[in-house]
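Listing of data_8.txt; format and content: compact mmCIF, C-alpha atoms.
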```txt
# COMPACT_ATOMS: atom_id res chain seq x y z
CA MET A 1287 -5.24 17.68 -10.04
CA VAL A 1288 -5.15 16.79 -6.39
CA ARG A 1289 -4.59 18.93 -3.33
CA VAL A 1290 -1.57 18.08 -1.24
CA LEU A 1291 -0.79 18.98 2.35
CA LEU A 1292 2.91 18.72 3.04
CA ASN A 1293 4.57 18.81 6.44
CA ILE A 1294 8.34 19.15 6.72
CA PRO A 1295 10.40 20.78 9.48
CA LYS A 1296 11.29 24.47 8.94
CA HIS A 1297 14.95 23.87 9.64
CA VAL A 1298 16.79 20.61 9.39
CA LYS A 1299 20.24 19.56 10.60
CA ARG A 1300 22.89 18.46 8.15
CA GLY A 1301 23.05 14.70 7.82
CA GLU A 1302 20.24 14.11 10.27
CA ALA A 1303 17.10 12.26 9.14
CA PHE A 1304 13.84 14.18 9.26
CA ASP A 1305 10.28 13.06 8.60
CA VAL A 1306 8.21 14.16 5.62
CA LYS A 1307 4.44 13.81 5.98
CA LEU A 1308 2.04 14.10 3.06
CA LEU A 1309 -1.71 14.12 2.88
CA ILE A 1310 -3.11 13.86 -0.65
CA SER A 1311 -6.79 14.52 -1.32
CA HIS A 1312 -7.76 11.76 -3.71
CA PRO A 1313 -10.70 9.30 -3.66
CA MET A 1314 -8.45 6.27 -4.42
CA GLU A 1315 -11.42 4.48 -5.99
CA SER A 1316 -10.49 0.82 -5.65
CA GLY A 1317 -12.42 -0.55 -8.64
CA GLN A 1318 -14.06 -3.08 -6.32
CA ARG A 1319 -17.24 -1.13 -5.66
CA ARG A 1320 -20.50 -0.79 -7.57
CA ASP A 1321 -22.70 2.27 -7.91
CA ASP A 1322 -26.46 2.47 -7.16
CA MET A 1323 -27.26 0.96 -10.56
CA GLY A 1324 -25.02 -2.04 -9.93
CA GLN A 1325 -22.40 -0.90 -12.41
CA PRO A 1326 -18.77 -1.33 -11.35
CA ILE A 1327 -17.08 1.97 -10.51
CA PRO A 1328 -13.83 2.10 -12.51
CA ARG A 1329 -10.56 2.06 -10.64
CA ASP A 1330 -8.99 5.48 -10.11
CA ILE A 1331 -6.00 5.55 -7.79
CA ILE A 1332 -2.61 7.18 -7.50
CA ASN A 1333 -0.50 4.20 -8.46
CA SER A 1334 2.98 5.64 -8.23
CA PHE A 1335 4.73 8.07 -5.92
CA VAL A 1336 8.32 9.22 -6.35
CA CYS A 1337 10.21 11.58 -4.05
CA THR A 1338 13.56 13.11 -5.01
CA TYR A 1339 15.87 15.62 -3.38
CA ASN A 1340 18.04 17.73 -5.69
CA ASP A 1341 17.35 15.13 -8.42
CA GLU A 1342 18.57 12.24 -6.26
CA GLU A 1343 15.97 9.68 -5.34
CA VAL A 1344 14.65 9.47 -1.79
CA LEU A 1345 12.11 6.74 -2.35
CA ARG A 1346 9.60 5.41 -4.78
CA ALA A 1347 6.38 3.66 -3.82
CA ASP A 1348 3.97 1.58 -5.88
CA LEU A 1349 0.50 2.07 -4.43
CA PHE A 1350 -2.30 -0.45 -4.88
CA PRO A 1351 -6.08 -0.15 -4.30
CA ALA A 1352 -5.60 -1.17 -0.65
CA ILE A 1353 -4.27 2.31 0.14
CA ALA A 1354 -7.02 4.28 1.92
CA ALA A 1355 -8.79 7.25 0.35
CA ASN A 1356 -6.95 10.56 0.85
CA PRO A 1357 -3.61 8.80 1.18
CA PHE A 1358 -1.29 9.73 4.00
CA LEU A 1359 2.38 8.96 3.42
CA SER A 1360 5.26 9.45 5.80
CA PHE A 1361 8.95 8.70 5.37
CA ALA A 1362 12.40 9.98 6.34
CA VAL A 1363 14.92 12.00 4.34
CA THR A 1364 18.57 12.83 5.02
CA VAL A 1365 20.12 15.88 3.40
CA GLN A 1366 23.62 17.34 3.38
CA GLU A 1367 22.78 20.66 1.69
CA SER A 1368 19.82 22.98 1.21
CA GLY A 1369 17.74 22.17 -1.80
CA THR A 1370 14.39 21.17 -3.21
CA LEU A 1371 12.27 18.20 -2.29
CA THR A 1372 10.22 17.08 -5.30
CA MET A 1373 7.26 14.73 -5.05
CA THR A 1374 5.62 13.25 -8.14
CA PHE A 1375 2.33 11.35 -8.25
CA THR A 1376 0.94 9.42 -11.20
CA ASP A 1377 -2.69 8.37 -11.32
CA ASP A 1378 -4.53 5.74 -13.37
CA HIS A 1379 -5.34 8.29 -16.10
CA GLY A 1380 -1.61 8.91 -16.55
CA VAL A 1381 -1.88 12.40 -15.06
CA VAL A 1382 1.38 13.38 -13.41
CA GLN A 1383 1.41 15.99 -10.67
CA THR A 1384 4.51 17.42 -9.07
CA GLU A 1385 4.83 19.20 -5.72
CA THR A 1386 8.00 20.85 -4.51
CA ALA A 1387 9.22 22.21 -1.20
CA SER A 1388 12.47 23.92 -0.36
CA VAL A 1389 14.51 22.61 2.55
CA THR A 1390 16.98 24.81 4.44
CA VAL A 1391 19.90 23.17 6.20
CA GLU A 1392 21.14 24.85 9.36
CA MET B 87 -38.59 -39.22 -14.15
CA MET B 88 -38.72 -36.16 -16.41
CA ARG B 89 -40.13 -34.10 -13.61
CA ARG B 90 -37.28 -35.09 -11.33
CA ARG B 91 -34.72 -34.14 -13.95
CA PHE B 92 -36.51 -30.87 -14.46
CA LEU B 93 -36.33 -30.15 -10.75
CA VAL B 94 -32.61 -30.89 -10.67
CA LEU B 95 -31.92 -28.68 -13.67
CA GLY B 96 -34.11 -25.93 -12.30
CA GLY B 97 -32.29 -26.08 -8.99
CA ALA B 98 -28.94 -25.81 -10.77
CA GLY B 99 -30.24 -22.81 -12.67
CA LEU B 100 -31.17 -21.10 -9.44
CA ILE B 101 -27.79 -21.65 -7.86
CA LEU B 102 -25.51 -20.84 -10.79
CA PRO B 103 -26.26 -17.12 -11.15
CA LEU B 104 -25.37 -16.63 -7.50
CA ALA B 105 -21.89 -18.06 -7.98
CA PRO B 106 -19.34 -15.21 -7.76
CA ILE B 107 -17.49 -14.26 -10.93
CA ARG B 108 -14.34 -13.60 -8.94
CA PRO B 109 -13.65 -14.50 -5.33
CA ALA B 110 -14.07 -11.50 -3.04
CA HIS B 111 -10.92 -12.28 -1.09
CA ALA B 112 -7.43 -13.43 -1.86
CA THR B 113 -6.31 -16.57 -0.10
CA PRO B 114 -3.25 -17.22 2.07
CA ALA B 115 -2.02 -19.55 -0.70
CA GLU B 116 -2.20 -16.71 -3.27
CA VAL B 117 -0.24 -14.45 -0.94
CA ALA B 118 2.30 -17.20 -0.28
CA ALA B 119 2.78 -17.51 -4.04
CA LEU B 120 3.27 -13.74 -4.39
CA ILE B 121 5.82 -13.78 -1.58
CA ALA B 122 7.61 -16.79 -3.08
CA GLU B 123 7.84 -14.92 -6.38
CA LEU B 124 9.26 -11.87 -4.60
CA VAL B 125 11.71 -13.77 -2.41
CA GLY B 126 12.83 -16.37 -4.96
CA ASP B 127 15.06 -19.00 -3.35
CA ALA B 128 16.52 -16.64 -0.75
CA PRO B 129 15.98 -17.53 2.92
CA LEU B 130 13.01 -15.83 4.61
CA HIS B 131 13.09 -15.27 8.36
CA ASP B 132 10.74 -13.71 10.90
CA ALA B 133 12.95 -10.91 12.19
CA ARG B 134 14.34 -7.42 11.55
CA VAL B 135 11.08 -6.16 10.03
CA LYS B 136 8.52 -4.48 12.26
CA LEU B 137 4.97 -4.17 10.97
CA ASP B 138 3.02 -1.84 13.21
CA LEU B 139 -0.75 -2.27 12.91
CA PRO B 140 -3.52 -2.25 15.51
CA VAL B 141 -4.71 -5.75 16.49
CA MET B 142 -8.29 -4.52 16.86
CA VAL B 143 -9.44 -2.41 13.91
CA GLU B 144 -12.68 -0.49 14.31
CA ASN B 145 -12.85 0.85 10.77
CA GLY B 146 -11.22 -1.08 7.93
CA ASN B 147 -11.52 1.88 5.56
CA SER B 148 -8.48 3.58 7.03
CA VAL B 149 -5.97 1.76 9.20
CA GLY B 150 -2.70 3.43 10.17
CA MET B 151 0.27 1.25 9.31
CA THR B 152 4.00 1.69 9.86
CA VAL B 153 6.59 -0.69 8.54
CA SER B 154 10.24 -0.39 9.48
CA VAL B 155 13.38 -2.44 8.95
CA ASP B 156 16.21 -2.94 11.42
CA ALA B 157 19.05 -2.37 8.92
CA PRO B 158 20.94 0.59 7.44
CA VAL B 159 18.67 2.27 4.90
CA GLY B 160 21.25 1.79 2.15
CA ASP B 161 20.96 -1.99 2.60
CA VAL B 162 17.19 -2.17 2.16
CA ARG B 163 16.21 -2.91 -1.40
CA SER B 164 12.43 -3.05 -1.04
CA ILE B 165 9.54 -3.40 1.39
CA ASP B 166 6.32 -5.11 0.32
CA VAL B 167 3.07 -5.41 2.25
CA PHE B 168 0.40 -8.03 1.54
CA ALA B 169 -3.11 -8.39 3.01
CA GLU B 170 -4.38 -11.98 2.79
CA GLY B 171 -8.08 -11.12 3.14
CA ASN B 172 -8.29 -8.24 0.66
CA PRO B 173 -9.67 -8.79 -2.84
CA LEU B 174 -6.32 -7.57 -4.19
CA PRO B 175 -3.68 -8.74 -1.74
CA HIS B 176 -0.76 -6.48 -2.72
CA VAL B 177 -0.93 -3.31 -0.62
CA LEU B 178 2.31 -1.47 -1.12
CA ARG B 179 5.86 -1.65 -2.48
CA VAL B 180 8.49 0.84 -1.38
CA ARG B 181 12.04 1.13 -2.69
CA PHE B 182 14.55 3.47 -1.07
CA GLY B 183 17.02 5.71 -2.87
CA PRO B 184 20.33 7.23 -1.76
CA ARG B 185 18.61 10.19 -0.05
CA ALA B 186 16.33 8.14 2.20
CA GLY B 187 16.85 8.92 5.87
CA ALA B 188 15.59 5.75 7.53
CA PRO B 189 14.08 2.47 6.33
CA HIS B 190 10.56 3.15 7.48
CA PHE B 191 7.32 4.08 5.78
CA ALA B 192 3.89 4.94 7.16
CA THR B 193 0.53 5.13 5.43
CA ARG B 194 -3.13 4.25 5.91
CA ILE B 195 -4.58 1.13 4.34
CA ARG B 196 -7.92 -0.56 3.68
CA LEU B 197 -8.73 -3.94 5.19
CA ALA B 198 -11.65 -5.93 3.80
CA THR B 199 -11.98 -8.35 6.70
CA SER B 200 -10.22 -9.83 9.75
CA GLN B 201 -7.02 -11.28 8.40
CA THR B 202 -3.24 -11.57 8.49
CA VAL B 203 -1.15 -8.75 7.05
CA ILE B 204 2.43 -9.58 6.04
CA ALA B 205 5.41 -7.30 5.41
CA VAL B 206 8.47 -8.57 3.56
CA ALA B 207 11.75 -6.67 3.31
CA LYS B 208 14.43 -7.55 0.79
CA LEU B 209 17.98 -6.51 1.65
CA ALA B 210 20.85 -5.79 -0.72
CA ASP B 211 22.64 -9.00 0.31
CA GLY B 212 19.65 -10.98 -0.99
CA SER B 213 18.29 -12.00 2.41
CA CYS B 214 14.58 -11.54 3.07
CA TRP B 215 12.82 -10.80 6.33
CA ARG B 216 9.18 -10.78 7.26
CA ASP B 217 6.72 -9.77 9.95
CA SER B 218 3.00 -10.45 10.19
CA VAL B 219 0.06 -9.16 12.20
CA ASP B 220 -3.19 -11.06 12.82
CA LEU B 221 -5.94 -8.52 13.25
CA LEU B 222 -9.66 -8.29 13.83
CA VAL B 223 -11.68 -5.87 11.72
CA THR B 224 -15.03 -4.77 13.14
CA LEU B 225 -16.23 -2.62 10.23
CA ALA B 226 -14.83 -3.81 6.91
CA ALA B 227 -13.73 -1.51 4.11
CA CYS B 228 -16.57 -1.42 1.60
CA ILE B 229 -15.81 -3.67 -1.32
CA ASP B 230 -19.32 -3.89 -2.69
CA ASN B 231 -22.40 -2.04 -1.52
```

Spit out the file's structure as structure tokens when you get a sec.
Amino acid sequence: MVRVLLNIPKHVKRGEAFDVKLLISHPMESGQRRDDMGQPIPRDIINSFVCTYNDEEVLRADLFPAIAANPFLSFAVTVQESGTLTMTFTDDHGVVQTETASVTVE
Amino acid sequence: MMRRRFLVLGGAGLILPLAPIRPAHATPAEVAALIAELVGDAPLHDARVKLDLPVMVENGNSVGMTVSVDAPVGDVRSIDVFAEGNPLPHVLRVRFGPRAGAPHFATRIRLATSQTVIAVAKLADGSCWRDSVDLLVTLAACIDN
């Protein structure tokens, strides 16, 4: 389970793009490092991110080990009606975590 | 004669264990091959994509990056980012859905060394566009302690 900080505007205008900003607390271990004993540290990253709005896709991103620890993601969404923004992360262990936020259209 | 051969063999034995198992960095040729695979035989031009990265990077562990495409968001099929000097050159792939508001994406990336970072956007009409940034990294992202 990871902690997620989500920043979206309180009120959004119909049909006007707004920015979603996410900060995910995750080590994003690249699999390229070794520990003090010289053993490789296994890769552990969030490899897939999907964002949907009212079950329609906003964007999907494949993340690779070059994404920095505690990933920050920012992108734009356009909505016509109030609804729910759903964000789903999948990590290397196959753990899926979902975060939701409600969006109110003025 | 035997002693000389022994010296040569011994020298080889000293050098071999130091040889890396896997190169620490990708090469521009590897990245070119990845891009060729992505683009196929479509034309690739240096325009319409804007890759925003600092030219001087103080800390390669976390570098703010924004990539945007000068096209309606519905026309953008995918955006890919490659880092030529990273051990694993593929950085990111983004695909936009019908609810996307604008064809831009921002995140923070790791950079292993001073290098060229390339963004490639694929549009729905099959055309491909690229932008690249040559940057200097002062403190590299730790690959190996």

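With only C-alpha atoms taken into account, the protein and nucleic acid residues at most 10 Å from Leu221 of chain B (excluding it and anything under 2 positions from it in its own chain) are Leu139, Pro140, Val141, Met142, Val143, Leu197, Thr199, Ser200, Gln201, Thr202, Val203, Ser218, Val219, Val223 and Thr224 of chain B.
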
Nearby residues (all atoms listed in the file) at most 12 Å from Ala128 of chain B, same-chain spacing under 4 positions excluded, as a compact mmCIF listing (two decimals) with C-alpha atoms, keeping the file's coordinate frame:
```txt
# COMPACT_ATOMS: atom_id res chain seq x y z
CA ILE B 121 5.82 -13.78 -1.58
CA ALA B 122 7.61 -16.79 -3.08
CA GLU B 123 7.84 -14.92 -6.38
CA LEU B 124 9.26 -11.87 -4.60
CA ALA B 207 11.75 -6.67 3.31
CA LYS B 208 14.43 -7.55 0.79
CA LEU B 209 17.98 -6.51 1.65
CA ALA B 210 20.85 -5.79 -0.72
CA ASP B 211 22.64 -9.00 0.31
CA GLY B 212 19.65 -10.98 -0.99
CA SER B 213 18.29 -12.00 2.41
CA CYS B 214 14.58 -11.54 3.07
CA TRP B 215 12.82 -10.80 6.33
```

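Within 10 Å of Lys1307 of chain A, once all atoms listed in the file are used and residues closer than 5 positions along the same chain are dropped, the contacting residues are Leu1291, Leu1292, Asn1293, Ile1294, Pro1295, Phe1358, Leu1359, Ser1360, Phe1361 and Ala1362 of chain A; Ala192 and Thr193 of chain B.
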
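In chain A, the set of residues within 6 Å of chain B (atoms considered: all atoms listed in the file) is Ala1303, Gln1318, Arg1319, Arg1320, Glu1343, Val1344, Leu1345, Arg1346, Ala1347, Asp1348, Leu1349, Phe1350, Ala1352, Ile1353, Ala1354, Phe1358, Leu1359, Ser1360, Phe1361, Ala1362, Val1363 and Thr1364 of chain A.
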
Correct to one decimal, the distance atom CA of Asp132 of chain B-atom CA of His111 of chain B is 24.8 Å

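Atom CA of Asn1356 of chain A is positioned 26.9 Å from atom CA of Arg163 of chain B.
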
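Atom CA of Val206 of chain B sits 11.4 Å away from atom CA of Val117 of chain B.
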
Nearby residues (all atoms listed in the file) at most 9 Å from segment 1379-1390 of chain A, same-chain spacing under 2 positions excluded, as an mmCIF file with C-alpha atoms, keeping the file's coordinate frame:
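This went into around.cif:
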```cif
data_model
loop_
_atom_site.group_PDB
_atom_site.id
_atom_site.type_symbol
_atom_site.label_atom_id
_atom_site.label_comp_id
_atom_site.auth_asym_id
_atom_site.auth_seq_id
_atom_site.Cartn_x
_atom_site.Cartn_y
_atom_site.Cartn_z
ATOM 1 C CA MET A 1287 -5.240 17.680 -10.040
ATOM 2 C CA VAL A 1288 -5.150 16.790 -6.390
ATOM 3 C CA VAL A 1290 -1.570 18.080 -1.240
ATOM 4 C CA LEU A 1292 2.910 18.720 3.040
ATOM 5 C CA ILE A 1294 8.340 19.150 6.720
ATOM 6 C CA PRO A 1295 10.400 20.780 9.480
ATOM 7 C CA LYS A 1296 11.290 24.470 8.940
ATOM 8 C CA HIS A 1297 14.950 23.870 9.640
ATOM 9 C CA VAL A 1298 16.790 20.610 9.390
ATOM 10 C CA LYS A 1299 20.240 19.560 10.600
ATOM 11 C CA ASP A 1330 -8.990 5.480 -10.110
ATOM 12 C CA ILE A 1331 -6.000 5.550 -7.790
ATOM 13 C CA VAL A 1365 20.120 15.880 3.400
ATOM 14 C CA GLU A 1367 22.780 20.660 1.690
ATOM 15 C CA SER A 1368 19.820 22.980 1.210
ATOM 16 C CA GLY A 1369 17.740 22.170 -1.800
ATOM 17 C CA THR A 1370 14.390 21.170 -3.210
ATOM 18 C CA LEU A 1371 12.270 18.200 -2.290
ATOM 19 C CA THR A 1372 10.220 17.080 -5.300
ATOM 20 C CA MET A 1373 7.260 14.730 -5.050
ATOM 21 C CA THR A 1374 5.620 13.250 -8.140
ATOM 22 C CA PHE A 1375 2.330 11.350 -8.250
ATOM 23 C CA THR A 1376 0.940 9.420 -11.200
ATOM 24 C CA ASP A 1377 -2.690 8.370 -11.320
ATOM 25 C CA GLU A 1392 21.140 24.850 9.360
#
```

Can you sort out the box for segment 1342-1358 of chain A, edges along x, y and z, all listed atoms in, 5 Å on every side, with centre and edge lengths in Å to one decimal, as lines of an AutoDock Vina configuration file?
```
center_x = 4.9
center_y = 5.5
center_z = -1.1
size_x = 37.4
size_y = 23.4
size_z = 20.3
```

Identify which of the residues B:Ala133, B:Leu120, B:Ala115, B:Val167 lies closest to Arg216 of chain B, counting all atoms listed in the file when measuring atom-to-atom distances. B:Ala133

At a cut-off of 8 Å, using only C-alpha atoms, what residues contact Arg1329 of chain A? Leave out same-chain residues fewer than 2 positions from it and give the result as a CSV table (one decimal) with C-alpha atoms, keeping the file's coordinate frame.
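Final output, around.csv:
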```csv
chain,number,residue,atom,x,y,z
A,1314,MET,CA,-8.4,6.3,-4.4
A,1315,GLU,CA,-11.4,4.5,-6.0
A,1316,SER,CA,-10.5,0.8,-5.6
A,1317,GLY,CA,-12.4,-0.6,-8.6
A,1318,GLN,CA,-14.1,-3.1,-6.3
A,1327,ILE,CA,-17.1,2.0,-10.5
A,1331,ILE,CA,-6.0,5.6,-7.8
A,1378,ASP,CA,-4.5,5.7,-13.4
```
